[in-house]
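With mmCIF, all heavy atoms inside, this is model.cif:
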data_protein
#
loop_
_atom_site.label_atom_id
_atom_site.label_comp_id
_atom_site.auth_asym_id
_atom_site.auth_seq_id
_atom_site.Cartn_x
_atom_site.Cartn_y
_atom_site.Cartn_z
N MET S 270 -43.43 -123.71 77.50
CA MET S 270 -42.00 -123.57 77.67
C MET S 270 -41.30 -124.12 76.44
O MET S 270 -41.59 -125.21 75.98
CB MET S 270 -41.56 -124.32 78.92
CG MET S 270 -40.12 -124.20 79.21
SD MET S 270 -39.79 -124.92 80.82
CE MET S 270 -38.06 -124.97 80.77
N ASP S 271 -40.35 -123.37 75.91
CA ASP S 271 -39.69 -123.78 74.69
C ASP S 271 -38.25 -124.27 74.91
O ASP S 271 -37.54 -124.51 73.95
CB ASP S 271 -39.73 -122.68 73.64
CG ASP S 271 -39.10 -121.38 74.12
OD1 ASP S 271 -38.53 -121.35 75.22
OD2 ASP S 271 -39.18 -120.39 73.39
N GLY S 272 -37.81 -124.40 76.15
CA GLY S 272 -36.50 -124.95 76.43
C GLY S 272 -35.33 -124.03 76.22
O GLY S 272 -34.20 -124.48 76.07
N LYS S 273 -35.58 -122.71 76.16
CA LYS S 273 -34.47 -121.78 76.01
C LYS S 273 -34.62 -120.62 76.99
O LYS S 273 -35.72 -120.27 77.40
CB LYS S 273 -34.36 -121.26 74.58
CG LYS S 273 -35.53 -120.42 74.12
CD LYS S 273 -35.34 -119.99 72.68
CE LYS S 273 -36.53 -119.16 72.23
NZ LYS S 273 -36.38 -118.74 70.84
N CYS S 274 -33.49 -120.05 77.37
CA CYS S 274 -33.48 -118.90 78.27
C CYS S 274 -32.13 -118.19 78.16
O CYS S 274 -31.20 -118.71 77.57
CB CYS S 274 -33.75 -119.32 79.71
SG CYS S 274 -32.52 -120.40 80.42
N TYR S 275 -32.04 -117.00 78.71
CA TYR S 275 -30.79 -116.25 78.65
C TYR S 275 -30.53 -115.52 79.97
O TYR S 275 -30.40 -114.31 80.01
CB TYR S 275 -30.78 -115.28 77.46
CG TYR S 275 -32.05 -114.51 77.25
CD1 TYR S 275 -32.22 -113.25 77.81
CD2 TYR S 275 -33.07 -115.06 76.50
CE1 TYR S 275 -33.40 -112.55 77.61
CE2 TYR S 275 -34.25 -114.36 76.30
CZ TYR S 275 -34.41 -113.11 76.85
OH TYR S 275 -35.57 -112.43 76.65
N PRO S 276 -30.40 -116.30 81.05
CA PRO S 276 -30.14 -115.68 82.35
C PRO S 276 -28.68 -115.26 82.48
O PRO S 276 -27.80 -115.84 81.86
CB PRO S 276 -30.46 -116.81 83.32
CG PRO S 276 -30.07 -118.04 82.57
CD PRO S 276 -30.47 -117.75 81.14
N ALA S 277 -28.45 -114.26 83.29
CA ALA S 277 -27.08 -113.84 83.60
C ALA S 277 -26.49 -114.81 84.62
O ALA S 277 -27.20 -115.32 85.49
CB ALA S 277 -27.09 -112.42 84.15
N ILE S 278 -25.20 -115.05 84.52
CA ILE S 278 -24.51 -115.92 85.47
C ILE S 278 -24.72 -115.39 86.89
O ILE S 278 -24.98 -116.16 87.82
CB ILE S 278 -23.00 -116.00 85.15
CG1 ILE S 278 -22.77 -116.56 83.75
CG2 ILE S 278 -22.25 -116.81 86.20
CD1 ILE S 278 -23.22 -117.97 83.53
N GLY S 279 -24.62 -114.08 87.06
CA GLY S 279 -24.81 -113.48 88.37
C GLY S 279 -26.20 -113.73 88.94
O GLY S 279 -26.36 -113.94 90.14
N THR S 280 -27.21 -113.71 88.09
CA THR S 280 -28.58 -113.96 88.53
C THR S 280 -28.73 -115.41 88.99
O THR S 280 -29.32 -115.67 90.05
CB THR S 280 -29.58 -113.69 87.38
OG1 THR S 280 -29.43 -112.33 86.98
CG2 THR S 280 -31.00 -113.95 87.80
N ILE S 281 -28.20 -116.34 88.23
CA ILE S 281 -28.26 -117.75 88.62
C ILE S 281 -27.54 -117.94 89.95
O ILE S 281 -28.06 -118.59 90.87
CB ILE S 281 -27.63 -118.66 87.54
CG1 ILE S 281 -28.42 -118.56 86.23
CG2 ILE S 281 -27.57 -120.11 88.02
CD1 ILE S 281 -27.73 -119.22 85.06
N ALA S 282 -26.34 -117.39 90.06
CA ALA S 282 -25.54 -117.53 91.28
C ALA S 282 -26.29 -116.96 92.49
O ALA S 282 -26.35 -117.60 93.55
CB ALA S 282 -24.20 -116.85 91.11
N ARG S 283 -26.86 -115.78 92.33
CA ARG S 283 -27.58 -115.14 93.44
C ARG S 283 -28.82 -115.95 93.84
O ARG S 283 -29.04 -116.23 95.02
CB ARG S 283 -27.99 -113.73 93.06
CG ARG S 283 -28.66 -112.96 94.19
CD ARG S 283 -29.18 -111.60 93.78
NE ARG S 283 -30.31 -111.78 92.85
CZ ARG S 283 -30.33 -111.35 91.60
NH1 ARG S 283 -29.31 -110.68 91.09
NH2 ARG S 283 -31.38 -111.57 90.83
N ASP S 284 -29.59 -116.37 92.85
CA ASP S 284 -30.82 -117.12 93.13
C ASP S 284 -30.54 -118.46 93.81
O ASP S 284 -31.32 -118.90 94.66
CB ASP S 284 -31.62 -117.36 91.85
CG ASP S 284 -32.27 -116.10 91.31
OD1 ASP S 284 -32.22 -115.05 91.99
OD2 ASP S 284 -32.83 -116.17 90.20
N LEU S 285 -29.44 -119.10 93.43
CA LEU S 285 -29.10 -120.41 93.99
C LEU S 285 -28.13 -120.32 95.17
O LEU S 285 -27.76 -121.35 95.74
CB LEU S 285 -28.51 -121.31 92.91
CG LEU S 285 -29.44 -121.63 91.74
CD1 LEU S 285 -28.71 -122.45 90.69
CD2 LEU S 285 -30.68 -122.35 92.23
N LYS S 286 -27.70 -119.09 95.48
CA LYS S 286 -26.73 -118.86 96.57
C LYS S 286 -25.43 -119.66 96.34
O LYS S 286 -24.93 -120.35 97.21
CB LYS S 286 -27.35 -119.19 97.93
CG LYS S 286 -28.50 -118.26 98.27
CD LYS S 286 -29.14 -118.63 99.59
CE LYS S 286 -30.24 -117.68 100.01
NZ LYS S 286 -31.28 -117.41 99.08
N LEU S 287 -24.93 -119.55 95.10
CA LEU S 287 -23.69 -120.20 94.69
C LEU S 287 -22.74 -119.13 94.15
O LEU S 287 -23.17 -118.04 93.79
CB LEU S 287 -23.95 -121.22 93.59
CG LEU S 287 -24.85 -122.41 93.93
CD1 LEU S 287 -25.20 -123.18 92.68
CD2 LEU S 287 -24.18 -123.30 94.96
N SER S 288 -21.48 -119.48 94.06
CA SER S 288 -20.51 -118.54 93.47
C SER S 288 -20.66 -118.56 91.95
O SER S 288 -21.16 -119.53 91.35
CB SER S 288 -19.08 -118.93 93.85
OG SER S 288 -18.71 -120.13 93.20
N ARG S 289 -20.22 -117.48 91.33
CA ARG S 289 -20.25 -117.40 89.86
C ARG S 289 -19.42 -118.52 89.25
O ARG S 289 -19.80 -119.11 88.23
CB ARG S 289 -19.75 -116.04 89.40
CG ARG S 289 -20.70 -114.89 89.71
CD ARG S 289 -20.09 -113.55 89.35
NE ARG S 289 -19.67 -113.47 87.97
CZ ARG S 289 -20.44 -113.08 86.95
NH1 ARG S 289 -21.67 -112.69 87.19
NH2 ARG S 289 -19.98 -113.04 85.72
N SER S 290 -18.27 -118.83 89.86
CA SER S 290 -17.40 -119.88 89.30
C SER S 290 -18.08 -121.25 89.39
O SER S 290 -17.93 -122.07 88.48
CB SER S 290 -16.04 -119.90 89.99
OG SER S 290 -16.18 -120.14 91.37
N THR S 291 -18.84 -121.51 90.44
CA THR S 291 -19.56 -122.77 90.56
C THR S 291 -20.62 -122.87 89.47
O THR S 291 -20.79 -123.93 88.84
CB THR S 291 -20.21 -122.90 91.95
OG1 THR S 291 -19.17 -122.91 92.93
CG2 THR S 291 -21.05 -124.16 92.07
N VAL S 292 -21.34 -121.78 89.22
CA VAL S 292 -22.36 -121.76 88.17
C VAL S 292 -21.72 -121.98 86.80
O VAL S 292 -22.20 -122.79 86.00
CB VAL S 292 -23.16 -120.44 88.20
CG1 VAL S 292 -24.06 -120.33 86.98
CG2 VAL S 292 -23.95 -120.33 89.49
N LYS S 293 -20.61 -121.30 86.53
CA LYS S 293 -19.93 -121.46 85.24
C LYS S 293 -19.47 -122.91 85.05
O LYS S 293 -19.60 -123.47 83.96
CB LYS S 293 -18.73 -120.53 85.15
CG LYS S 293 -19.10 -119.08 84.96
CD LYS S 293 -17.85 -118.24 84.89
CE LYS S 293 -18.16 -116.77 84.79
NZ LYS S 293 -16.94 -115.97 84.69
N ARG S 294 -18.93 -123.51 86.09
CA ARG S 294 -18.46 -124.89 86.02
C ARG S 294 -19.64 -125.84 85.77
O ARG S 294 -19.56 -126.75 84.94
CB ARG S 294 -17.73 -125.25 87.31
CG ARG S 294 -17.03 -126.58 87.28
CD ARG S 294 -16.11 -126.82 88.48
NE ARG S 294 -16.67 -126.42 89.77
CZ ARG S 294 -16.27 -125.36 90.48
NH1 ARG S 294 -15.31 -124.58 90.03
NH2 ARG S 294 -16.82 -125.07 91.63
N ALA S 295 -20.76 -125.62 86.46
CA ALA S 295 -21.94 -126.47 86.28
C ALA S 295 -22.49 -126.34 84.86
O ALA S 295 -22.85 -127.35 84.24
CB ALA S 295 -23.00 -126.10 87.30
N LEU S 296 -22.55 -125.13 84.33
CA LEU S 296 -23.02 -124.94 82.96
C LEU S 296 -22.10 -125.62 81.96
O LEU S 296 -22.55 -126.24 81.00
CB LEU S 296 -23.15 -123.45 82.64
CG LEU S 296 -24.29 -122.72 83.36
CD1 LEU S 296 -24.18 -121.22 83.13
CD2 LEU S 296 -25.64 -123.25 82.94
N ALA S 297 -20.79 -125.53 82.19
CA ALA S 297 -19.83 -126.19 81.31
C ALA S 297 -20.01 -127.71 81.36
O ALA S 297 -19.96 -128.39 80.32
CB ALA S 297 -18.40 -125.81 81.70
N ASP S 298 -20.24 -128.24 82.56
CA ASP S 298 -20.48 -129.69 82.70
C ASP S 298 -21.75 -130.11 81.96
O ASP S 298 -21.77 -131.15 81.30
CB ASP S 298 -20.58 -130.08 84.18
CG ASP S 298 -19.26 -130.02 84.92
OD1 ASP S 298 -18.20 -129.92 84.26
OD2 ASP S 298 -19.29 -130.06 86.17
N LEU S 299 -22.81 -129.32 82.08
CA LEU S 299 -24.06 -129.63 81.38
C LEU S 299 -23.87 -129.57 79.87
O LEU S 299 -24.42 -130.40 79.13
CB LEU S 299 -25.16 -128.66 81.81
CG LEU S 299 -25.70 -128.86 83.22
CD1 LEU S 299 -26.57 -127.68 83.63
CD2 LEU S 299 -26.48 -130.16 83.31
N GLU S 300 -23.07 -128.62 79.42
CA GLU S 300 -22.80 -128.50 77.99
C GLU S 300 -21.99 -129.70 77.48
O GLU S 300 -22.30 -130.28 76.45
CB GLU S 300 -22.07 -127.19 77.71
CG GLU S 300 -22.04 -126.80 76.27
CD GLU S 300 -21.47 -125.41 76.04
OE1 GLU S 300 -20.95 -124.79 76.97
OE2 GLU S 300 -21.56 -124.96 74.89
N LYS S 301 -20.97 -130.08 78.24
CA LYS S 301 -20.14 -131.24 77.85
C LYS S 301 -20.95 -132.53 77.79
O LYS S 301 -20.71 -133.38 76.94
CB LYS S 301 -19.00 -131.43 78.85
CG LYS S 301 -17.83 -130.54 78.63
CD LYS S 301 -16.73 -130.89 79.62
CE LYS S 301 -15.70 -129.80 79.70
NZ LYS S 301 -14.70 -130.06 80.76
N SER S 302 -21.92 -132.65 78.70
CA SER S 302 -22.72 -133.88 78.75
C SER S 302 -23.83 -133.89 77.70
O SER S 302 -24.54 -134.88 77.57
CB SER S 302 -23.33 -134.06 80.14
OG SER S 302 -24.35 -133.10 80.37
N GLY S 303 -24.00 -132.78 76.98
CA GLY S 303 -25.01 -132.72 75.94
C GLY S 303 -26.40 -132.34 76.42
O GLY S 303 -27.36 -132.39 75.67
N ARG S 304 -26.51 -131.95 77.67
CA ARG S 304 -27.82 -131.58 78.23
C ARG S 304 -28.17 -130.12 78.00
O ARG S 304 -29.31 -129.71 78.20
CB ARG S 304 -27.85 -131.88 79.72
CG ARG S 304 -27.78 -133.35 80.03
CD ARG S 304 -27.92 -133.61 81.51
NE ARG S 304 -27.97 -135.01 81.77
CZ ARG S 304 -26.97 -135.70 82.30
NH1 ARG S 304 -25.85 -135.09 82.61
NH2 ARG S 304 -27.10 -136.98 82.50
N LEU S 305 -27.17 -129.33 77.61
CA LEU S 305 -27.34 -127.89 77.44
C LEU S 305 -26.53 -127.44 76.24
O LEU S 305 -25.43 -127.93 76.01
CB LEU S 305 -26.84 -127.18 78.70
CG LEU S 305 -27.01 -125.67 78.79
CD1 LEU S 305 -28.45 -125.35 79.14
CD2 LEU S 305 -26.09 -125.12 79.86
N ARG S 306 -27.10 -126.52 75.47
CA ARG S 306 -26.35 -125.92 74.35
C ARG S 306 -26.33 -124.42 74.58
O ARG S 306 -27.34 -123.82 74.92
CB ARG S 306 -27.03 -126.24 73.02
CG ARG S 306 -26.27 -125.71 71.83
CD ARG S 306 -26.85 -126.22 70.52
NE ARG S 306 -28.25 -125.92 70.35
CZ ARG S 306 -28.73 -124.80 69.80
NH1 ARG S 306 -27.91 -123.86 69.37
NH2 ARG S 306 -30.03 -124.63 69.66
N LYS S 307 -25.15 -123.83 74.41
CA LYS S 307 -24.96 -122.40 74.64
C LYS S 307 -24.70 -121.71 73.31
O LYS S 307 -23.94 -122.21 72.49
CB LYS S 307 -23.78 -122.19 75.58
CG LYS S 307 -23.47 -120.77 75.89
CD LYS S 307 -22.39 -120.64 76.96
CE LYS S 307 -21.07 -121.12 76.45
NZ LYS S 307 -19.97 -120.88 77.38
N GLU S 308 -25.34 -120.56 73.11
CA GLU S 308 -25.16 -119.79 71.88
C GLU S 308 -24.94 -118.32 72.25
O GLU S 308 -25.74 -117.75 73.00
CB GLU S 308 -26.42 -119.95 71.03
CG GLU S 308 -26.37 -119.28 69.70
CD GLU S 308 -27.67 -119.55 68.95
OE1 GLU S 308 -27.87 -120.70 68.51
OE2 GLU S 308 -28.47 -118.61 68.83
N GLN S 309 -23.88 -117.73 71.73
CA GLN S 309 -23.61 -116.31 72.01
C GLN S 309 -24.64 -115.45 71.29
O GLN S 309 -24.97 -115.69 70.14
CB GLN S 309 -22.20 -115.93 71.52
CG GLN S 309 -21.83 -114.49 71.76
CD GLN S 309 -21.76 -114.13 73.23
OE1 GLN S 309 -21.03 -114.76 73.98
NE2 GLN S 309 -22.52 -113.14 73.64
N ARG S 310 -25.15 -114.44 71.98
CA ARG S 310 -26.08 -113.48 71.37
C ARG S 310 -25.33 -112.18 71.14
O ARG S 310 -24.42 -111.84 71.89
CB ARG S 310 -27.28 -113.23 72.28
CG ARG S 310 -28.07 -114.50 72.52
CD ARG S 310 -29.36 -114.31 73.29
NE ARG S 310 -29.35 -113.26 74.27
CZ ARG S 310 -30.37 -112.42 74.50
NH1 ARG S 310 -31.48 -112.52 73.83
NH2 ARG S 310 -30.29 -111.50 75.44
N TRP S 311 -25.71 -111.45 70.10
CA TRP S 311 -25.00 -110.24 69.71
C TRP S 311 -25.94 -109.04 69.61
O TRP S 311 -27.09 -109.17 69.22
CB TRP S 311 -24.30 -110.44 68.37
CG TRP S 311 -23.34 -111.58 68.39
CD1 TRP S 311 -23.58 -112.87 68.01
CD2 TRP S 311 -21.99 -111.54 68.85
NE1 TRP S 311 -22.46 -113.64 68.20
CE2 TRP S 311 -21.46 -112.85 68.71
CE3 TRP S 311 -21.17 -110.55 69.36
CZ2 TRP S 311 -20.16 -113.18 69.07
CZ3 TRP S 311 -19.86 -110.88 69.70
CH2 TRP S 311 -19.38 -112.17 69.56
N LEU S 312 -25.42 -107.87 69.93
CA LEU S 312 -26.13 -106.62 69.73
C LEU S 312 -26.03 -106.22 68.26
O LEU S 312 -25.13 -106.69 67.55
CB LEU S 312 -25.52 -105.51 70.59
CG LEU S 312 -25.63 -105.69 72.10
CD1 LEU S 312 -24.75 -104.66 72.81
CD2 LEU S 312 -27.06 -105.55 72.55
N GLU S 313 -26.89 -105.35 67.81
CA GLU S 313 -26.84 -104.90 66.41
C GLU S 313 -25.52 -104.22 66.06
O GLU S 313 -25.06 -104.28 64.94
CB GLU S 313 -28.01 -103.96 66.13
CG GLU S 313 -29.34 -104.68 66.04
CD GLU S 313 -30.47 -103.76 65.66
OE1 GLU S 313 -30.22 -102.69 65.08
OE2 GLU S 313 -31.62 -104.13 65.94
N ASN S 314 -24.90 -103.57 67.06
CA ASN S 314 -23.63 -102.88 66.80
C ASN S 314 -22.41 -103.80 66.91
O ASN S 314 -21.28 -103.35 66.85
CB ASN S 314 -23.47 -101.68 67.74
CG ASN S 314 -23.28 -102.09 69.19
OD1 ASN S 314 -23.18 -103.27 69.51
ND2 ASN S 314 -23.27 -101.12 70.07
N GLY S 315 -22.65 -105.10 67.08
CA GLY S 315 -21.57 -106.07 67.14
C GLY S 315 -21.10 -106.43 68.54
O GLY S 315 -20.28 -107.31 68.72
N GLY S 316 -21.64 -105.75 69.55
CA GLY S 316 -21.27 -106.06 70.93
C GLY S 316 -21.92 -107.34 71.42
O GLY S 316 -22.92 -107.80 70.87
N LYS S 317 -21.35 -107.93 72.45
CA LYS S 317 -21.87 -109.17 73.01
C LYS S 317 -23.06 -108.90 73.92
O LYS S 317 -23.09 -107.92 74.63
CB LYS S 317 -20.79 -109.89 73.82
CG LYS S 317 -19.74 -110.56 72.99
CD LYS S 317 -18.82 -111.37 73.88
CE LYS S 317 -17.82 -112.12 73.06
NZ LYS S 317 -16.96 -112.95 73.93
N ARG S 318 -24.02 -109.81 73.86
CA ARG S 318 -25.13 -109.85 74.80
C ARG S 318 -24.97 -111.11 75.62
O ARG S 318 -23.99 -111.83 75.50
CB ARG S 318 -26.46 -109.91 74.05
CG ARG S 318 -26.77 -108.66 73.27
CD ARG S 318 -28.12 -108.75 72.64
NE ARG S 318 -29.13 -108.55 73.67
CZ ARG S 318 -30.42 -108.49 73.42
NH1 ARG S 318 -30.86 -108.65 72.20
NH2 ARG S 318 -31.29 -108.29 74.39
N SER S 319 -25.96 -111.41 76.43
CA SER S 319 -25.91 -112.64 77.22
C SER S 319 -26.00 -113.86 76.30
O SER S 319 -26.45 -113.77 75.16
CB SER S 319 -27.06 -112.66 78.22
OG SER S 319 -28.30 -112.60 77.55
N ASN S 320 -25.57 -115.00 76.81
CA ASN S 320 -25.68 -116.24 76.08
C ASN S 320 -27.12 -116.73 76.10
O ASN S 320 -27.84 -116.52 77.08
CB ASN S 320 -24.79 -117.32 76.69
CG ASN S 320 -23.33 -117.04 76.51
OD1 ASN S 320 -22.90 -116.64 75.45
ND2 ASN S 320 -22.55 -117.26 77.55
N MET S 321 -27.52 -117.40 75.05
CA MET S 321 -28.80 -118.10 75.02
C MET S 321 -28.50 -119.55 75.37
O MET S 321 -27.55 -120.13 74.84
CB MET S 321 -29.44 -118.02 73.64
CG MET S 321 -30.75 -118.76 73.51
SD MET S 321 -32.11 -118.00 74.39
CE MET S 321 -32.47 -116.63 73.30
N PHE S 322 -29.27 -120.11 76.28
CA PHE S 322 -29.10 -121.50 76.69
C PHE S 322 -30.30 -122.31 76.22
O PHE S 322 -31.44 -121.88 76.38
CB PHE S 322 -28.97 -121.61 78.21
CG PHE S 322 -27.74 -120.96 78.77
CD1 PHE S 322 -27.81 -119.70 79.33
CD2 PHE S 322 -26.53 -121.61 78.72
CE1 PHE S 322 -26.67 -119.10 79.84
CE2 PHE S 322 -25.38 -121.02 79.23
CZ PHE S 322 -25.46 -119.75 79.79
N TYR S 323 -30.04 -123.47 75.64
CA TYR S 323 -31.07 -124.36 75.17
C TYR S 323 -30.95 -125.70 75.91
O TYR S 323 -29.85 -126.26 75.97
CB TYR S 323 -30.93 -124.64 73.68
CG TYR S 323 -31.09 -123.44 72.80
CD1 TYR S 323 -29.98 -122.67 72.46
CD2 TYR S 323 -32.32 -123.08 72.31
CE1 TYR S 323 -30.12 -121.54 71.65
CE2 TYR S 323 -32.47 -121.96 71.49
CZ TYR S 323 -31.36 -121.21 71.18
OH TYR S 323 -31.50 -120.11 70.37
N LEU S 324 -32.04 -126.19 76.45
CA LEU S 324 -32.06 -127.53 77.03
C LEU S 324 -32.13 -128.54 75.90
O LEU S 324 -32.91 -128.36 74.96
CB LEU S 324 -33.26 -127.72 77.96
CG LEU S 324 -33.30 -126.81 79.17
CD1 LEU S 324 -34.59 -127.03 79.95
CD2 LEU S 324 -32.09 -127.04 80.06
N THR S 325 -31.33 -129.57 75.96
CA THR S 325 -31.32 -130.57 74.89
C THR S 325 -31.68 -131.93 75.42
O THR S 325 -31.77 -132.15 76.58
CB THR S 325 -29.95 -130.63 74.20
OG1 THR S 325 -28.96 -130.88 75.16
CG2 THR S 325 -29.65 -129.33 73.49
#
Just give me the structure as structure tokens.
Amino acid sequence: MDGKCYPAIGTIARDLKLSRSTVKRALADLEKSGRLRKEQRWLENGGKRSNMFYLT
């Protein structure tokens, strides 16, 4: 395991039986506390892909 993943918010919410807003808030809290780093991923044509999450 390399400490990174790129799950969709909807997938996390469904798997944990939580709302999308609860998942977003929890991820933001983890990022603020320094336990998680989020990086935007991009398509070759410049469009957005899912975020990459790194455990820190």
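For the structure in this document, the set picked by the PyMOL selection byres ((chain S and resi 303-305) around 4.5) is S:Leu296, S:Leu299, S:Glu300, S:Lys301, S:Ser302, S:Arg306, S:Lys307, S:Phe322, S:Tyr323, S:Leu324, S:Thr325.
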A straight line from atom O of Gln309 in chain S to atom C of Thr291 in chain S spans 21.1 Å
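In terms of minimum interatomic distance to Lys273 in chain S, S:Met321 ranks closest within S:Trp311, S:Met321, S:Gly316, S:Ser288, counting all atoms listed in the file.
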Separating CA of Gly279 in chain S from CA of Lys293 in chain S, to the nearest tenth of an Å, is a gap of 9.9 Å
| Hey, what comes out of the PyMOL selection byres ((chain S and resi 276) around 6) on this file? Could you write it as a list of chain:residue names? |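 Selected by the PyMOL selection byres ((chain S and resi 276) around 6) in this file: S:Cys274, S:Tyr275, S:Ala277, S:Ile278, S:Thr280, S:Ile281, S:Ser319, S:Asn320, S:Phe322.
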CZ of Arg294 in chain S sits from NH1 of Arg318 in chain S at a separation of 28.7 Å
